[in-house]
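*Asks:* My file is query22.csv. It has CSV, C-alpha atoms:
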chain,number,residue,atom,x,y,z
A,12,GLN,CA,8.4,12.6,-13.9
A,13,LEU,CA,6.5,9.7,-12.4
A,14,VAL,CA,6.0,11.4,-9.0
A,15,ALA,CA,5.1,14.7,-10.7
A,16,ASP,CA,2.5,12.9,-12.8
A,17,VAL,CA,1.1,11.1,-9.8
A,18,GLU,CA,0.8,14.4,-7.8
A,19,GLU,CA,-1.0,16.0,-10.7
A,20,LEU,CA,-3.4,13.1,-10.9
A,21,LEU,CA,-4.2,13.2,-7.2
A,22,VAL,CA,-5.1,16.9,-7.5
A,23,GLN,CA,-7.3,16.3,-10.5
A,24,CYS,CA,-9.2,13.1,-9.4
A,25,GLY,CA,-8.0,12.1,-6.0
A,26,SER,CA,-10.4,11.6,-3.1
A,27,SER,CA,-9.5,11.9,0.6
A,28,SER,CA,-10.3,9.4,3.3
A,29,GLN,CA,-10.2,12.0,6.1
A,30,ALA,CA,-13.9,12.5,5.9
A,31,ASP,CA,-14.4,8.8,6.6
A,32,GLY,CA,-13.4,9.2,10.3
A,33,LEU,CA,-10.9,6.4,10.2
A,34,HIS,CA,-8.5,6.2,13.1
A,35,ALA,CA,-5.6,3.9,14.1
A,36,GLU,CA,-3.4,3.5,17.1
A,37,VAL,CA,-0.2,5.6,17.6
A,38,VAL,CA,2.5,4.0,19.8
A,39,ASP,CA,5.7,5.4,21.1
A,40,ALA,CA,9.2,3.9,21.4
A,41,SER,CA,8.1,1.8,24.4
A,42,VAL,CA,5.4,0.3,22.1
A,43,ARG,CA,2.7,1.8,24.4
A,44,SER,CA,-0.4,3.4,23.0
A,45,ARG,CA,0.0,7.2,22.9
A,46,ALA,CA,-3.1,8.3,21.0
A,47,LYS,CA,-5.4,7.6,18.1
A,48,GLU,CA,-4.6,9.3,14.8
A,49,GLU,CA,-6.8,10.0,11.9
A,50,ILE,CA,-5.8,8.0,8.8
A,51,SER,CA,-5.1,10.6,6.1
A,52,MET,CA,-4.9,9.2,2.5
A,53,ILE,CA,-5.5,10.6,-0.9
A,54,ARG,CA,-6.5,8.0,-3.5
A,55,CYS,CA,-7.1,7.9,-7.2
A,56,THR,CA,-8.4,4.7,-8.9
A,57,GLY,CA,-10.3,3.6,-12.0
A,58,ARG,CA,-12.2,1.1,-9.8
A,59,PRO,CA,-15.8,2.1,-8.9
A,60,GLU,CA,-15.8,2.3,-5.1
A,61,ALA,CA,-18.5,4.7,-4.0
A,62,ASP,CA,-21.4,6.6,-5.5
A,63,ASN,CA,-20.0,10.0,-4.6
A,64,ILE,CA,-16.5,9.3,-6.0
A,65,LYS,CA,-15.9,9.5,-9.7
A,66,PRO,CA,-13.5,6.8,-11.0
A,67,ALA,CA,-10.3,7.9,-12.8
A,68,PRO,CA,-10.6,8.3,-16.5
A,69,TRP,CA,-8.7,5.1,-17.4
A,70,SER,CA,-11.5,2.9,-15.9
A,71,TYR,CA,-11.2,-0.6,-14.6
A,72,GLY,CA,-11.2,-4.3,-15.3
A,73,ALA,CA,-12.0,-5.3,-18.9
A,74,HIS,CA,-12.7,-1.7,-19.7
A,75,LEU,CA,-9.4,-0.3,-18.5
A,76,ASP,CA,-7.8,1.9,-21.2
A,77,PRO,CA,-4.1,2.3,-20.8
A,78,SER,CA,-4.0,5.1,-23.3
A,79,LYS,CA,-5.7,7.3,-20.7
A,80,LEU,CA,-2.9,6.9,-18.2
A,81,PRO,CA,-0.1,9.5,-18.0
A,82,ASP,CA,2.9,8.4,-20.1
A,83,SER,CA,5.1,7.7,-17.1
A,84,ILE,CA,2.5,5.5,-15.4
A,85,ARG,CA,1.7,3.6,-18.6
A,86,ARG,CA,5.5,3.0,-19.2
A,87,ALA,CA,5.8,1.6,-15.6
A,88,ALA,CA,2.9,-0.7,-16.3
A,89,GLU,CA,4.4,-1.9,-19.6
A,90,LYS,CA,7.8,-2.5,-17.9
A,91,ILE,CA,6.1,-4.6,-15.2
A,92,ARG,CA,4.1,-6.6,-17.8
A,93,SER,CA,7.3,-7.4,-19.6
A,94,LEU,CA,9.0,-9.0,-16.6
A,95,GLU,CA,10.1,-12.5,-17.3
A,96,GLY,CA,8.5,-15.5,-15.4
A,97,TYR,CA,5.1,-14.0,-14.7
A,98,ASN,CA,3.1,-14.4,-17.9
A,99,LEU,CA,1.1,-11.3,-17.3
A,100,GLY,CA,-1.9,-10.5,-19.4
A,101,ARG,CA,-4.0,-7.4,-19.8
A,102,LEU,CA,-3.8,-4.6,-17.2
A,103,ARG,CA,-7.0,-4.6,-15.1
A,104,ASP,CA,-6.4,-2.0,-12.4
A,105,VAL,CA,-4.3,1.0,-11.6
A,106,SER,CA,-4.8,2.6,-8.2
A,107,ILE,CA,-2.7,5.3,-6.6
A,108,ASN,CA,-2.5,6.0,-2.8
A,109,LYS,CA,-0.7,8.8,-1.0
A,110,ARG,CA,-0.2,8.7,2.8
A,111,THR,CA,1.4,11.5,4.8
A,112,LYS,CA,3.0,12.2,8.2
A,113,GLY,CA,4.8,8.9,8.2
A,114,PHE,CA,1.5,7.2,9.0
A,115,PHE,CA,1.1,4.4,6.4
A,116,PHE,CA,-1.4,2.2,8.3
A,117,ILE,CA,-3.3,-0.2,6.0
A,118,THR,CA,-5.9,-2.6,7.5
A,119,PRO,CA,-4.9,-6.1,6.4
A,120,HIS,CA,-7.2,-7.0,3.4
A,121,THR,CA,-7.4,-9.0,0.2
A,122,ASP,CA,-7.9,-7.0,-3.0
A,123,PRO,CA,-11.2,-7.5,-4.9
A,124,LEU,CA,-11.0,-10.7,-7.0
A,125,THR,CA,-12.1,-8.6,-10.0
A,126,ASP,CA,-8.7,-6.8,-9.9
A,127,GLY,CA,-7.0,-9.8,-11.4
A,128,PRO,CA,-4.7,-12.6,-10.2
A,129,HIS,CA,-1.4,-10.7,-10.3
A,130,VAL,CA,-0.8,-7.6,-8.1
A,131,PHE,CA,2.3,-5.4,-8.1
A,132,VAL,CA,2.9,-2.4,-5.7
A,133,LEU,CA,5.5,0.2,-6.6
A,134,GLY,CA,6.5,2.2,-3.6
A,135,LEU,CA,7.8,5.8,-4.0
A,136,GLN,CA,9.3,8.4,-1.6
A,137,SER,CA,9.7,6.1,1.4
A,138,ALA,CA,10.7,2.7,2.5
A,139,ALA,CA,8.0,0.7,4.3
A,140,VAL,CA,7.2,-2.8,5.5
A,141,LEU,CA,4.3,-4.7,3.9
A,142,THR,CA,2.9,-7.4,6.2
A,143,PHE,CA,1.2,-10.5,4.9
A,144,SER,CA,-1.2,-12.3,7.4
A,145,PRO,CA,-3.1,-15.6,6.8
A,146,ALA,CA,-6.6,-14.8,5.8
A,147,ASN,CA,-8.1,-17.3,8.3
A,148,GLU,CA,-6.3,-15.8,11.4
A,149,VAL,CA,-7.9,-13.5,13.9
A,150,LEU,CA,-6.1,-10.1,13.7
A,151,ARG,CA,-4.6,-8.3,16.6
A,152,GLN,CA,-5.6,-4.6,17.0
A,153,GLY,CA,-4.0,-1.4,18.2
A,154,GLU,CA,-1.1,-1.6,20.6
A,155,GLN,CA,-0.9,-5.4,20.4
A,156,ALA,CA,-0.6,-5.4,16.6
A,157,GLU,CA,2.1,-2.8,16.8
A,158,ARG,CA,4.0,-4.8,19.4
A,159,HIS,CA,3.5,-8.3,18.1
A,160,SER,CA,2.2,-7.7,14.5
A,161,PHE,CA,-1.3,-8.7,13.3
A,162,THR,CA,-0.8,-12.5,13.8
A,163,ASP,CA,2.0,-14.9,15.0
A,164,GLN,CA,2.2,-16.2,11.4
A,165,ASP,CA,2.8,-12.8,9.7
A,166,LEU,CA,5.4,-12.4,7.0
A,167,ASP,CA,7.1,-9.0,6.6
A,168,VAL,CA,8.3,-7.8,3.3
A,169,LEU,CA,10.8,-4.8,3.2
A,170,VAL,CA,9.7,-2.5,0.4
A,171,LYS,CA,12.6,-0.1,-0.2
A,172,LYS,CA,12.0,3.3,-1.8
A,173,ARG,CA,11.4,3.0,-5.5
A,174,SER,CA,11.1,-0.8,-5.4
A,175,LEU,CA,8.4,-3.2,-6.6
A,176,VAL,CA,6.7,-6.0,-4.8
A,177,GLY,CA,4.5,-8.5,-6.6
A,178,PHE,CA,2.2,-11.2,-5.3
A,179,THR,CA,0.0,-13.9,-6.9
A,180,LYS,CA,-1.5,-17.3,-6.2
A,181,ASP,CA,-1.6,-18.1,-2.5
A,182,ALA,CA,-0.1,-14.8,-1.5
A,183,ARG,CA,-2.8,-13.1,-3.5
A,184,TYR,CA,-5.8,-15.1,-2.3
A,185,LEU,CA,-5.0,-16.9,1.0
A,186,TRP,CA,-3.1,-14.1,2.7
A,187,LYS,CA,-4.1,-10.6,3.5
A,188,HIS,CA,-1.7,-7.7,3.2
A,189,GLY,CA,-1.5,-4.5,5.3
A,190,MET,CA,0.9,-2.1,7.1
A,191,ARG,CA,1.2,-1.5,10.8
A,192,GLY,CA,0.8,2.1,12.1
A,193,GLY,CA,4.5,2.4,13.0
A,194,ILE,CA,6.4,3.4,16.1
A,195,GLU,CA,7.1,7.0,17.0
A,196,MET,CA,10.6,7.8,18.3
A,197,ASP,CA,12.5,11.0,19.0
A,198,ILE,CA,15.8,11.0,17.1
A,199,PRO,CA,18.5,13.7,17.9
A,200,ASP,CA,18.7,16.5,15.3
A,201,GLU,CA,15.6,15.0,13.4
A,202,GLY,CA,12.8,15.3,15.9
A,203,THR,CA,9.9,12.8,16.1
A,204,CYS,CA,10.1,10.1,13.4
A,205,ARG,CA,8.0,7.1,12.7
A,206,LEU,CA,9.6,3.7,12.2
A,207,ASP,CA,8.6,0.3,10.9
A,208,PHE,CA,9.9,-3.0,12.3
A,209,TRP,CA,10.8,-5.8,9.9
A,210,GLY,CA,10.4,-9.2,11.4
A,211,ASN,CA,10.9,-8.0,15.0
A,212,LEU,CA,11.6,-4.9,16.9
A,213,ALA,CA,15.4,-5.4,16.6
A,214,ASN,CA,15.1,-4.5,12.9
A,215,VAL,CA,13.7,-1.0,12.3
A,216,VAL,CA,13.2,0.9,9.1
A,217,LYS,CA,12.8,4.7,9.2
A,218,ARG,CA,9.9,6.1,7.2
A,219,SER,CA,9.9,9.3,5.3
A,220,PRO,CA,7.0,11.7,5.9
A,221,THR,CA,5.2,10.8,2.6
A,222,ARG,CA,4.7,7.6,0.7
A,223,ILE,CA,3.1,7.0,-2.6
A,224,SER,CA,2.1,3.6,-3.8
A,225,LEU,CA,1.0,2.7,-7.3
A,226,VAL,CA,-0.9,-0.6,-7.5
A,227,PHE,CA,-1.0,-2.4,-10.8
A,228,ALA,CA,-3.1,-5.6,-11.3
A,229,PHE,CA,-3.0,-7.9,-14.3
A,230,ALA,CA,-5.0,-10.7,-15.8
A,231,ASP,CA,-3.4,-14.0,-16.8
A,232,ASP,CA,-1.7,-14.1,-20.2
Mind converting the file's structure to structure tokens?
*Replies:*
Amino acid sequence: QLVADVEELLVQCGSSSQADGLHAEVVDASVRSRAKEEISMIRCTGRPEADNIKPAPWSYGAHLDPSKLPDSIRRAAEKIRSLEGYNLGRLRDVSINKRTKGFFFITPHTDPLTDGPHVFVLGLQSAAVLTFSPANEVLRQGEQAERHSFTDQDLDVLVKKRSLVGFTKDARYLWKHGMRGGIEMDIPDEGTCRLDFWGNLANVVKRSPTRISLVFAFADD
């Protein structure tokens, strides 16, 4: 039901990044640049982000109204908030992102401070590797990032399908988070697939064609 509700929301209020002309490097199994590929993402968020994009009906920050979320998404938020050891307060942000063709590239970034101090990402439909990079480091680009990651200090987090990753404190404010573009490889009987590496190129994780991420941000209790 959760995936169905997300898909319906993206049809109703999602906006596409294709028109933004964003591209990232595509590399092959030898980790050599093959082409540049357009970043295709559909996003739905209550956060005001652009004048020509209407925020989702649940709104954002102190004005976020959980009652305007679909039941399955609201229940997921409530379950996260009830986790022991986090002392989570009011829900401040719910953002949904859908990436396709196994191309999950995310530029390393720090979420807006107004989102709140506690961020949780629920990954659906595909495994992926979320990479944390120190905020004060210069980031590698393109083929070099795919071969060596964004910096020498990067930390990779394996996010299995239908799993949750949370970050707060230093991980929230002093580290950026992102995803590499991935490595294309021809696999017998499956065709061309895109893979992540986890820690180094000896550890690879196969991506499914589509990944949905639900981002929940909370205030302190």
*Asks:* To one decimal place in Å, what is the distance between atom CA of A:Leu150 and atom CA of A:Val226?
*Replies:*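 It comes out at 23.8 Å.
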*Asks:* Pick the closest to A:Asp165 from A:Thr111, A:Ser144, A:Ser224, A:Ser106: which is it, counting all atoms listed in the file?
*Replies:*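 Going through A:Thr111, A:Ser144, A:Ser224, A:Ser106 one by one, the smallest distance to A:Asp165 is for A:Ser144.
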*Asks:* Which residue, A:Ala138, A:Val149, A:Ala230, A:Ile53, has the smallest gap to A:Asn98 when you use all atoms listed in the file?
*Replies:*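 The closest residue to A:Asn98 is A:Ala230.
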*Asks:* Give me the residues within 6 Å of stretch 182-188 of chain A as number ranges by chain, counting all atoms listed in the file and dropping any in the same chain fewer than 6 places off.
*Replies:* A: 119-121, 142-146
*Asks:* Go through A:Cys55, A:Val216, A:Leu166, A:Leu206 one by one, measure the shortest atom-to-atom distance of each to A:Pro68 using all atoms listed in the file, and give the residue with the smallest value.
*Replies:*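 So, comparing all the options, the nearest one is A:Cys55.
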*Asks:* Smallest atom-to-atom distance to A:Gly96: which of A:Val170, A:Lys65, A:Gly153, A:Asp232, using all atoms listed in the file?
*Replies:*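 Answer, going by the shortest atom-to-atom distance: A:Asp232.
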*Asks:* So, counting only C-alpha atoms, which residue among A:Lys112, A:His129, A:Arg101, A:Arg86 is closest to A:Ile223?
*Replies:* A:Lys112
*Asks:* How many Å separate atom CA of A:Ala228 from atom CA of A:Arg205?
*Replies:*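 Interatomic distance, atom CA of A:Ala228 to atom CA of A:Arg205: 29.3 Å.
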*Asks:* For each of A:Pro123, A:Gly113, A:Lys79, A:Asp200, take the minimum atom-to-atom distance to A:Lys217, counting only C-alpha atoms, then give the residue where this is smallest.
*Replies:*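 Checking each of A:Pro123, A:Gly113, A:Lys79, A:Asp200 against A:Lys217, counting only C-alpha atoms, the winner is A:Gly113.
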*Asks:* By how many Å are atom CA of A:Ser137 and atom CA of A:Pro220 apart?
*Replies:*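 Rounded to one decimal, the two atoms are 7.7 Å apart.
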*Asks:* Within 12 Å of A:Arg85, counting all atoms listed in the file, which residues show up once you throw out same-chain ones fewer than 3 positions away? Write them as number ranges by chain, please.
*Replies:* A: 13, 16-17, 69, 75-82, 88-92, 102, 104-105, 225, 227
